[in-house]
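With CSV, C-alpha atoms inside, this is target-v8.csv:
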```
chain,number,residue,atom,x,y,z
A,1,MET,CA,-21.1,14.0,28.6
A,2,SER,CA,-20.3,15.6,25.2
A,3,THR,CA,-23.0,16.2,22.7
A,4,GLN,CA,-20.6,15.4,19.9
A,5,THR,CA,-20.2,11.8,18.6
A,6,ILE,CA,-16.7,12.5,17.3
A,7,GLU,CA,-14.2,15.1,18.7
A,8,VAL,CA,-10.8,15.7,17.4
A,9,ASP,CA,-8.7,18.4,19.1
A,10,GLY,CA,-5.1,19.1,18.1
A,11,LEU,CA,-4.5,15.6,16.6
A,12,ARG,CA,-0.9,14.9,15.5
A,13,GLN,CA,0.4,11.6,14.1
A,14,ARG,CA,3.8,10.6,13.0
A,15,TYR,CA,5.5,7.9,11.1
A,16,GLY,CA,9.1,8.1,12.2
A,17,ASP,CA,10.3,11.6,11.2
A,18,PHE,CA,7.3,12.2,9.0
A,19,GLU,CA,4.4,14.1,10.5
A,20,ALA,CA,1.3,12.8,8.6
A,21,VAL,CA,-1.3,14.8,10.6
A,22,ARG,CA,-0.3,18.2,12.0
A,23,GLY,CA,-2.6,19.4,14.7
A,24,ILE,CA,-6.2,19.2,13.3
A,25,ASP,CA,-9.5,19.9,14.9
A,26,PHE,CA,-13.0,19.0,14.0
A,27,SER,CA,-16.2,17.5,15.6
A,28,VAL,CA,-19.2,15.6,14.3
A,29,GLY,CA,-22.6,15.6,15.9
A,30,GLY,CA,-24.9,12.6,16.2
A,31,GLY,CA,-26.7,11.7,13.0
A,32,GLN,CA,-24.5,13.9,10.8
A,33,LEU,CA,-22.2,13.0,7.9
A,34,PHE,CA,-18.8,14.6,7.9
A,35,ALA,CA,-16.7,14.3,4.7
A,36,LEU,CA,-12.9,14.4,5.1
A,37,LEU,CA,-11.4,15.3,1.7
A,38,GLY,CA,-7.9,15.8,0.5
A,39,THR,CA,-5.1,14.8,-1.9
A,40,ASN,CA,-3.4,11.4,-1.7
A,41,GLY,CA,-1.1,11.6,1.4
A,42,ALA,CA,-3.0,14.4,3.0
A,43,GLY,CA,-3.5,12.5,6.2
A,44,LYS,CA,-7.2,11.4,5.8
A,45,THR,CA,-6.6,7.7,6.3
A,46,THR,CA,-4.3,8.2,9.2
A,47,THR,CA,-6.9,10.3,10.9
A,48,MET,CA,-9.5,7.6,10.3
A,49,GLU,CA,-7.2,4.9,11.7
A,50,VAL,CA,-6.8,6.9,14.9
A,51,LEU,CA,-10.5,7.4,15.3
A,52,GLU,CA,-11.2,3.7,14.5
A,53,GLY,CA,-8.8,2.8,17.3
A,54,PHE,CA,-6.1,1.1,15.2
A,55,ARG,CA,-3.4,3.4,16.5
A,56,PRO,CA,-3.1,5.9,19.4
A,57,ALA,CA,-2.7,9.6,18.7
A,58,ALA,CA,0.8,10.8,19.0
A,59,SER,CA,-0.5,14.0,20.6
A,60,GLY,CA,-3.8,15.8,21.0
A,61,SER,CA,-7.2,14.5,22.0
A,62,VAL,CA,-9.5,12.1,20.1
A,63,ARG,CA,-12.9,11.0,21.4
A,64,LEU,CA,-15.4,8.6,19.9
A,65,LEU,CA,-18.8,8.2,21.6
A,66,ASP,CA,-17.2,10.0,24.6
A,67,ALA,CA,-14.4,7.5,24.9
A,68,ASP,CA,-10.8,7.1,23.8
A,69,PRO,CA,-11.1,4.9,20.7
A,70,TYR,CA,-7.7,3.2,21.2
A,71,ARG,CA,-7.9,2.5,24.9
A,72,ASN,CA,-11.6,1.6,24.8
A,73,ARG,CA,-11.6,-0.2,21.4
A,74,LYS,CA,-13.1,-3.4,22.8
A,75,ALA,CA,-16.0,-1.6,24.4
A,76,LEU,CA,-16.6,0.6,21.3
A,77,ARG,CA,-16.2,-2.1,18.6
A,78,PRO,CA,-19.9,-3.3,18.8
A,79,ARG,CA,-21.1,0.2,18.3
A,80,VAL,CA,-18.9,1.0,15.3
A,81,GLY,CA,-19.0,0.0,11.6
A,82,ILE,CA,-15.8,0.3,9.5
A,83,MET,CA,-15.4,0.0,5.7
A,84,LEU,CA,-11.7,0.1,4.9
A,85,GLN,CA,-10.2,1.1,1.5
A,86,GLU,CA,-9.2,-2.5,1.0
A,87,SER,CA,-11.1,-5.4,2.5
A,88,GLY,CA,-9.9,-8.8,3.7
A,89,LEU,CA,-12.6,-10.9,2.2
A,90,ILE,CA,-12.2,-14.6,1.9
A,91,GLY,CA,-12.5,-15.4,-1.8
A,92,ASP,CA,-13.7,-19.0,-1.4
A,93,LEU,CA,-16.7,-18.1,0.8
A,94,THR,CA,-20.0,-17.2,-0.8
A,95,VAL,CA,-21.5,-13.8,-0.4
A,96,ALA,CA,-24.1,-15.3,2.0
A,97,GLU,CA,-21.5,-17.2,4.0
A,98,THR,CA,-19.4,-14.0,4.4
A,99,VAL,CA,-22.4,-12.0,5.7
A,100,ASP,CA,-23.2,-14.8,8.1
A,101,LEU,CA,-19.7,-14.9,9.4
A,102,TRP,CA,-19.8,-11.2,10.2
A,103,ARG,CA,-23.3,-11.6,11.7
A,104,ASP,CA,-21.9,-14.1,14.2
A,105,LEU,CA,-19.6,-11.3,15.5
A,106,HIS,CA,-22.5,-9.1,16.6
A,107,ALA,CA,-25.0,-9.4,19.4
A,108,ASN,CA,-28.0,-7.9,17.4
A,109,PRO,CA,-27.2,-8.0,13.7
A,110,ILE,CA,-29.6,-7.4,10.9
A,111,SER,CA,-30.6,-10.5,8.9
A,112,GLN,CA,-28.6,-11.8,6.0
A,113,ASP,CA,-31.5,-11.0,3.6
A,114,GLU,CA,-31.8,-7.4,4.8
A,115,ALA,CA,-28.0,-6.9,4.6
A,116,LEU,CA,-27.8,-8.1,1.0
A,117,LYS,CA,-31.0,-6.3,0.0
A,118,LYS,CA,-29.6,-3.0,1.3
A,119,VAL,CA,-26.6,-3.3,-1.0
A,120,ASP,CA,-28.4,-4.9,-3.9
A,121,LEU,CA,-26.6,-8.2,-3.8
A,122,SER,CA,-29.5,-10.6,-3.1
A,123,ASP,CA,-29.1,-12.2,-6.5
A,124,ARG,CA,-25.4,-12.9,-5.8
A,125,SER,CA,-25.8,-14.6,-2.4
A,126,GLY,CA,-24.6,-18.0,-3.6
A,127,VAL,CA,-21.7,-16.7,-5.6
A,128,ALA,CA,-18.1,-17.0,-4.4
A,129,VAL,CA,-16.6,-13.7,-3.3
A,130,ARG,CA,-13.7,-14.1,-5.7
A,131,GLN,CA,-16.1,-14.1,-8.6
A,132,LEU,CA,-17.5,-10.7,-7.7
A,133,SER,CA,-16.6,-7.5,-9.6
A,134,GLY,CA,-14.6,-4.8,-7.8
A,135,GLY,CA,-17.8,-2.7,-7.4
A,136,GLN,CA,-19.7,-5.7,-6.0
A,137,LYS,CA,-17.0,-6.4,-3.5
A,138,ARG,CA,-17.2,-2.8,-2.3
A,139,ARG,CA,-21.0,-3.2,-1.8
A,140,LEU,CA,-20.3,-6.4,0.2
A,141,ASP,CA,-17.8,-4.5,2.3
A,142,LEU,CA,-20.6,-1.9,3.0
A,143,ALA,CA,-23.0,-4.7,4.0
A,144,LEU,CA,-20.5,-6.0,6.5
A,145,ALA,CA,-19.9,-2.6,7.9
A,146,ILE,CA,-23.6,-2.0,8.6
A,147,VAL,CA,-24.6,-5.6,9.6
A,148,GLY,CA,-24.2,-4.8,13.3
A,149,ARG,CA,-26.4,-1.7,13.4
A,150,PRO,CA,-23.6,0.7,14.1
A,151,GLU,CA,-24.0,4.0,15.8
A,152,VAL,CA,-21.0,5.4,14.0
A,153,LEU,CA,-19.9,4.3,10.5
A,154,PHE,CA,-16.5,5.0,9.0
A,155,LEU,CA,-16.5,4.9,5.2
A,156,ASP,CA,-13.1,5.1,3.5
A,157,GLU,CA,-13.6,5.6,-0.3
A,158,PRO,CA,-16.8,3.5,-0.2
A,159,THR,CA,-17.8,3.8,-3.9
A,160,THR,CA,-14.5,3.2,-5.6
A,161,GLY,CA,-15.0,0.8,-8.5
A,162,MET,CA,-18.8,1.1,-8.6
A,163,ASP,CA,-20.7,1.8,-11.7
A,164,PRO,CA,-22.9,5.0,-11.7
A,165,GLU,CA,-26.1,3.0,-10.8
A,166,ALA,CA,-24.5,1.3,-7.9
A,167,ARG,CA,-22.9,4.5,-6.7
A,168,ILE,CA,-26.3,6.3,-6.6
A,169,GLY,CA,-27.8,3.3,-4.8
A,170,THR,CA,-25.0,3.5,-2.2
A,171,TRP,CA,-25.6,7.2,-1.7
A,172,LYS,CA,-29.3,6.5,-1.1
A,173,LEU,CA,-28.4,3.9,1.5
A,174,ILE,CA,-25.9,6.2,3.3
A,175,GLN,CA,-28.6,8.9,3.4
A,176,GLU,CA,-31.1,6.5,4.9
A,177,LEU,CA,-28.5,5.5,7.6
A,178,VAL,CA,-27.9,9.1,8.5
A,179,ALA,CA,-31.6,9.9,8.5
A,180,GLY,CA,-31.9,7.0,11.0
A,181,GLY,CA,-29.4,8.5,13.4
A,182,THR,CA,-26.1,6.9,12.3
A,183,THR,CA,-23.1,9.2,12.4
A,184,VAL,CA,-20.9,8.8,9.4
A,185,LEU,CA,-17.3,9.9,8.7
A,186,LEU,CA,-16.6,9.6,5.0
A,187,THR,CA,-13.4,10.0,2.9
A,188,THR,CA,-13.8,10.2,-0.8
A,189,HIS,CA,-12.1,11.4,-4.0
A,190,TYR,CA,-15.5,11.9,-5.6
A,191,LEU,CA,-16.3,15.6,-4.8
A,192,GLU,CA,-19.8,15.2,-6.1
A,193,GLU,CA,-20.3,12.5,-3.5
A,194,ALA,CA,-19.3,14.9,-0.7
A,195,GLU,CA,-21.5,17.6,-2.1
A,196,ARG,CA,-24.4,15.3,-2.3
A,197,LEU,CA,-24.1,13.6,1.1
A,198,ALA,CA,-22.2,15.8,3.6
A,199,ASP,CA,-23.6,18.0,6.3
A,200,ARG,CA,-20.1,19.4,6.7
A,201,ILE,CA,-16.8,18.9,5.0
A,202,ALA,CA,-13.1,19.5,5.7
A,203,ILE,CA,-10.3,19.6,3.1
A,204,MET,CA,-6.9,18.4,4.2
A,205,HIS,CA,-3.6,19.0,2.5
A,206,ARG,CA,-0.2,18.0,3.8
A,207,GLY,CA,-1.5,17.0,7.2
A,208,GLU,CA,-3.5,20.1,7.9
A,209,ILE,CA,-7.2,21.1,7.5
A,210,ARG,CA,-7.1,24.1,5.1
A,211,ILE,CA,-10.9,24.8,5.1
A,212,ALA,CA,-14.0,23.4,6.8
A,213,GLY,CA,-17.7,24.1,7.0
A,214,THR,CA,-20.9,23.3,5.1
A,215,VAL,CA,-20.4,23.1,1.3
A,216,PRO,CA,-22.1,26.5,0.8
A,217,GLU,CA,-19.8,28.0,3.5
A,218,VAL,CA,-16.7,26.5,1.9
A,219,VAL,CA,-17.4,27.6,-1.7
A,220,SER,CA,-18.9,31.0,-0.8
A,221,GLY,CA,-15.5,32.7,-0.5
A,222,HIS,CA,-14.1,31.4,-3.8
A,223,GLY,CA,-16.1,33.6,-6.2
A,224,ASP,CA,-18.0,33.1,-9.4
A,225,ARG,CA,-16.6,31.8,-12.8
A,226,ILE,CA,-17.1,33.7,-16.1
A,227,ALA,CA,-15.8,31.9,-19.2
A,228,PHE,CA,-16.0,32.3,-23.0
A,229,ARG,CA,-14.2,31.5,-26.2
A,230,VAL,CA,-11.9,34.4,-27.2
A,231,PRO,CA,-13.4,36.1,-30.3
A,232,ALA,CA,-11.5,35.6,-33.5
A,233,HIS,CA,-8.9,38.2,-34.3
A,234,THR,CA,-9.0,39.5,-30.8
A,235,PRO,CA,-5.6,39.9,-29.1
A,236,ILE,CA,-5.4,38.4,-25.7
A,237,ASP,CA,-4.0,41.5,-24.2
A,238,THR,CA,-7.1,43.5,-25.2
A,239,LEU,CA,-9.5,41.4,-23.1
A,240,PRO,CA,-11.0,43.4,-20.2
A,241,ALA,CA,-10.0,43.1,-16.6
A,242,LEU,CA,-13.0,41.9,-14.5
A,243,ASP,CA,-12.9,42.3,-10.7
A,244,GLY,CA,-9.5,43.8,-11.2
A,245,ARG,CA,-8.1,40.6,-12.7
A,246,ALA,CA,-6.9,39.6,-16.1
A,247,PRO,CA,-8.3,36.3,-17.5
A,248,GLU,CA,-6.8,32.9,-17.3
A,249,ILE,CA,-6.2,31.6,-20.9
A,250,THR,CA,-6.6,28.0,-21.8
A,251,VAL,CA,-7.1,26.1,-25.1
A,252,ALA,CA,-10.4,24.3,-25.6
A,253,ASP,CA,-11.1,22.4,-28.9
A,254,GLY,CA,-8.2,24.2,-30.5
A,255,PHE,CA,-9.5,27.7,-29.6
A,256,PRO,CA,-8.3,30.0,-26.9
A,257,ALA,CA,-10.7,30.4,-24.0
A,258,ALA,CA,-10.8,33.0,-21.3
A,259,ARG,CA,-11.8,32.3,-17.7
A,260,TYR,CA,-12.3,34.9,-14.9
A,261,THR,CA,-12.7,34.3,-11.2
A,262,VAL,CA,-14.6,37.2,-9.7
A,263,THR,CA,-14.7,37.6,-5.9
A,264,GLY,CA,-15.1,41.3,-5.2
A,265,GLY,CA,-18.1,42.8,-3.5
A,266,ASP,CA,-21.1,40.9,-2.1
A,267,PRO,CA,-21.8,37.4,-3.4
A,268,ASP,CA,-25.1,38.3,-5.1
A,269,GLY,CA,-23.7,41.2,-7.0
A,270,ARG,CA,-20.1,40.4,-8.1
A,271,ALA,CA,-21.0,38.4,-11.2
A,272,HIS,CA,-23.6,40.9,-12.3
A,273,ARG,CA,-21.2,43.8,-12.1
A,274,SER,CA,-18.5,41.9,-13.9
A,275,MET,CA,-20.9,40.8,-16.6
A,276,ALA,CA,-22.0,44.4,-17.1
A,277,VAL,CA,-18.3,45.4,-17.7
A,278,LEU,CA,-17.8,42.5,-20.1
A,279,LEU,CA,-20.9,43.2,-22.1
A,280,ALA,CA,-20.0,46.9,-22.4
A,281,TRP,CA,-16.6,45.7,-23.8
A,282,THR,CA,-18.3,43.5,-26.4
A,283,ALA,CA,-20.6,46.3,-27.4
A,284,GLN,CA,-17.7,48.7,-27.8
A,285,ARG,CA,-15.8,46.2,-30.0
A,286,ASN,CA,-18.9,44.8,-31.7
A,287,VAL,CA,-18.0,41.2,-31.0
A,288,THR,CA,-20.0,38.2,-29.9
A,289,LEU,CA,-18.9,35.9,-27.1
A,290,ASP,CA,-19.2,32.2,-28.0
A,291,ARG,CA,-19.8,29.7,-25.2
A,292,LEU,CA,-20.3,32.3,-22.6
A,293,SER,CA,-21.0,30.8,-19.1
A,294,VAL,CA,-21.4,32.1,-15.6
A,295,ARG,CA,-21.5,29.8,-12.6
A,296,PRO,CA,-20.7,29.9,-8.9
A,297,ALA,CA,-17.5,28.2,-7.6
A,298,SER,CA,-17.7,24.5,-7.1
A,299,LEU,CA,-16.2,22.2,-4.5
A,300,GLU,CA,-13.7,21.1,-7.2
A,301,ASP,CA,-12.6,24.8,-7.7
A,302,VAL,CA,-12.0,25.1,-3.9
A,303,PHE,CA,-10.1,21.8,-3.8
A,304,LEU,CA,-7.9,22.7,-6.7
A,305,SER,CA,-7.2,26.2,-5.4
A,306,ILE,CA,-5.9,24.7,-2.1
A,307,VAL,CA,-3.7,22.2,-3.9
A,308,GLU,CA,-2.4,24.7,-6.5
A,309,ASP,CA,-1.7,27.2,-3.7
A,310,GLN,CA,1.0,24.9,-2.4
```

What do you get writing this file as structure tokens?
Amino acid sequence: MSTQTIEVDGLRQRYGDFEAVRGIDFSVGGGQLFALLGTNGAGKTTTMEVLEGFRPAASGSVRLLDADPYRNRKALRPRVGIMLQESGLIGDLTVAETVDLWRDLHANPISQDEALKKVDLSDRSGVAVRQLSGGQKRRLDLALAIVGRPEVLFLDEPTTGMDPEARIGTWKLIQELVAGGTTVLLTTHYLEEAERLADRIAIMHRGEIRIAGTVPEVVSGHGDRIAFRVPAHTPIDTLPALDGRAPEITVADGFPAARYTVTGGDPDGRAHRSMAVLLAWTAQRNVTLDRLSVRPASLEDVFLSIVEDQ
């Protein structure tokens, strides 16, 4: 028996002549959160649908809890929670009635009170679903996904439409579920969400996984960022090269700004060496750099570099 809760090996999926997923591989261990990121149309939702058992894989191997999720969907369903991008909530039912309806579908559900408390909807129990805000409906979707005590939880854009307070509360709940042993596969467009929650991530683009690993592993090869406002009366072509590269020039608040991506040498020393070169240049020209900043690459930098590369 595999020690991995989710295993994807060479998965391919087509819609007619269009290949939405092009031979991807990844695995998720028990009690881990894996974030599947990517642009719209990258293949994330298609991958989720195969793992959830809604469609068979065109080719490749997919295993969920050591079983084929499509062929064994009936047996796996009680062990899995799913939060889709768009729910099919019945608008005329109250929040409490909706939770009770889902509870009736499970052998050992959590109580209605507990489900609503976890997603901070206790005070909305008697309200019709159609009267909820978009963010509140997403929180109700999450309550329905966890009401059956799932071993595996699929979350497709779970915090879309939530205000910052509700989003943070949802993150805390997800972290508690993972700490309790639930395996979570998450898709999200909020990169901060993935950085905060994920044990490991993969970034998809055009049906392929372009990079995968822990967040530190993923960002480590993408260098540090040095940026500053170009000093007045300083021609752009006189700015120094750092790490062998000329700066990228943008306009911020009506002023030209320079940004460098430095990747050469060891991670601990590359920014220090480049800063030494830059400060020597400022001393030579007797100029001061306004809004000077130095920071490591972020997940957003990696994401954008993958998209812009194409």

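Closest approach to Gly43 (chain A) among A:Arg200, A:Arg14, A:Arg79, A:Lys118: A:Arg14, based on only C-alpha atoms.
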
Please report as a tab-separated table every residue of region 77-118 of chain A lying within 12 Å of region 182-192 of chain A, along with the nearest atom pair and their distance in Å (one decimal), using all atoms listed in the file.
```
residue	atom	partner	partner_atom	distance
A:Arg79	CA	A:Thr182	CA	10.3
A:Val80	CA	A:Thr183	CA	9.7
A:Gly81	CA	A:Val184	CA	9.3
A:Ile82	CA	A:Leu185	CA	9.7
A:Met83	CA	A:Leu186	CA	9.7
A:Leu84	CA	A:Thr187	CA	10.2
A:Gln85	CA	A:Thr187	CA	9.6
```

Using all atoms listed in the file, find all polymer residues with an atom at most 7 Å away from the point (-18.7, 10.1, 20.4); report them as an NGL selection string. :A and (4-7 or 63-67)

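By all atoms listed in the file, and with residues fewer than 4 positions from Leu132 (chain A) along its chain excluded, the set lying at most 12 Å from it is Leu89, Ile90, Gly91, Asp92, Leu93, Thr94, Val95, Leu121, Asp123, Arg124, Ser125, Gly126, Val127, Ala128, Gln136, Lys137, Arg138, Arg139, Leu140, Asp141, Gly161 and Met162 of chain A.
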
Export of prior selection with C-alpha atoms as a PDB file, in the frame of the given file:
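Saved file result_4.pdb follows:
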```
ATOM      1  CA  LEU A  89     -12.600 -10.900   2.200  1.00  0.00           C
ATOM      2  CA  ILE A  90     -12.200 -14.600   1.900  1.00  0.00           C
ATOM      3  CA  GLY A  91     -12.500 -15.400  -1.800  1.00  0.00           C
ATOM      4  CA  ASP A  92     -13.700 -19.000  -1.400  1.00  0.00           C
ATOM      5  CA  LEU A  93     -16.700 -18.100   0.800  1.00  0.00           C
ATOM      6  CA  THR A  94     -20.000 -17.200  -0.800  1.00  0.00           C
ATOM      7  CA  VAL A  95     -21.500 -13.800  -0.400  1.00  0.00           C
ATOM      8  CA  LEU A 121     -26.600  -8.200  -3.800  1.00  0.00           C
ATOM      9  CA  ASP A 123     -29.100 -12.200  -6.500  1.00  0.00           C
ATOM     10  CA  ARG A 124     -25.400 -12.900  -5.800  1.00  0.00           C
ATOM     11  CA  SER A 125     -25.800 -14.600  -2.400  1.00  0.00           C
ATOM     12  CA  GLY A 126     -24.600 -18.000  -3.600  1.00  0.00           C
ATOM     13  CA  VAL A 127     -21.700 -16.700  -5.600  1.00  0.00           C
ATOM     14  CA  ALA A 128     -18.100 -17.000  -4.400  1.00  0.00           C
ATOM     15  CA  GLN A 136     -19.700  -5.700  -6.000  1.00  0.00           C
ATOM     16  CA  LYS A 137     -17.000  -6.400  -3.500  1.00  0.00           C
ATOM     17  CA  ARG A 138     -17.200  -2.800  -2.300  1.00  0.00           C
ATOM     18  CA  ARG A 139     -21.000  -3.200  -1.800  1.00  0.00           C
ATOM     19  CA  LEU A 140     -20.300  -6.400   0.200  1.00  0.00           C
ATOM     20  CA  ASP A 141     -17.800  -4.500   2.300  1.00  0.00           C
ATOM     21  CA  GLY A 161     -15.000   0.800  -8.500  1.00  0.00           C
ATOM     22  CA  MET A 162     -18.800   1.100  -8.600  1.00  0.00           C
TER      23      MET A 162
END
```

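Using all atoms listed in the file, the shortest contact distance between Thr282 (chain A) and any of A:Thr250, A:Thr238, A:Ser220, A:Ser305 is found at A:Thr238.
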
What's the separation between CA of Phe228 (chain A) and CA of Arg291 (chain A), in Å to one decimal place? 5.1 Å

Give as JSON, numbers by chain every residue, naming chains and numbers as the document does, that has an atom within 12 Å of (-8.9, 1.5, 18.1), counting all atoms listed in the file. {"A": [47, 48, 49, 50, 51, 52, 53, 54, 55, 56, 57, 62, 63, 64, 67, 68, 69, 70, 71, 72, 73, 74, 75, 76, 77, 80, 82]}

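Put simply, CA of Pro235 (chain A) is 19.8 Å away from CA of Met275 (chain A).
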
Restricting the calculation to only C-alpha atoms, which member of A:Leu155, A:Val230, A:Leu278, A:Val28 is positioned closest to Leu242 (chain A)? A:Leu278

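Candidate residues A:Gly223, A:Pro247, A:Gly180, A:Pro296 were compared for distance to Val262 (chain A), and the nearest is A:Gly223, using all atoms listed in the file.
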
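Coordinates place CA of Ala212 (chain A) at a distance of 18.3 Å from CA of Gly31 (chain A).
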
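Between Glu300 (chain A) and the candidates A:Ala42, A:Leu37, A:Leu177, A:Ala115, the tightest atom-to-atom separation, counting only C-alpha atoms, involves A:Leu37.
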
Show me, as a PDB file with C-alpha atoms, keeping the file's coordinate frame, the residues that have an atom within 9 Å of Leu299 (chain A) when counting all atoms listed in the file, minus same-chain residues fewer than 6 positions from it.
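Writing the result to out.pdb gives the following:
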```pdb
ATOM      1  CA  LEU A 191     -16.300  15.600  -4.800  1.00  0.00           C
ATOM      2  CA  GLU A 192     -19.800  15.200  -6.100  1.00  0.00           C
ATOM      3  CA  ALA A 194     -19.300  14.900  -0.700  1.00  0.00           C
ATOM      4  CA  GLU A 195     -21.500  17.600  -2.100  1.00  0.00           C
ATOM      5  CA  VAL A 215     -20.400  23.100   1.300  1.00  0.00           C
ATOM      6  CA  VAL A 218     -16.700  26.500   1.900  1.00  0.00           C
ATOM      7  CA  VAL A 219     -17.400  27.600  -1.700  1.00  0.00           C
TER       8      VAL A 219
END
```
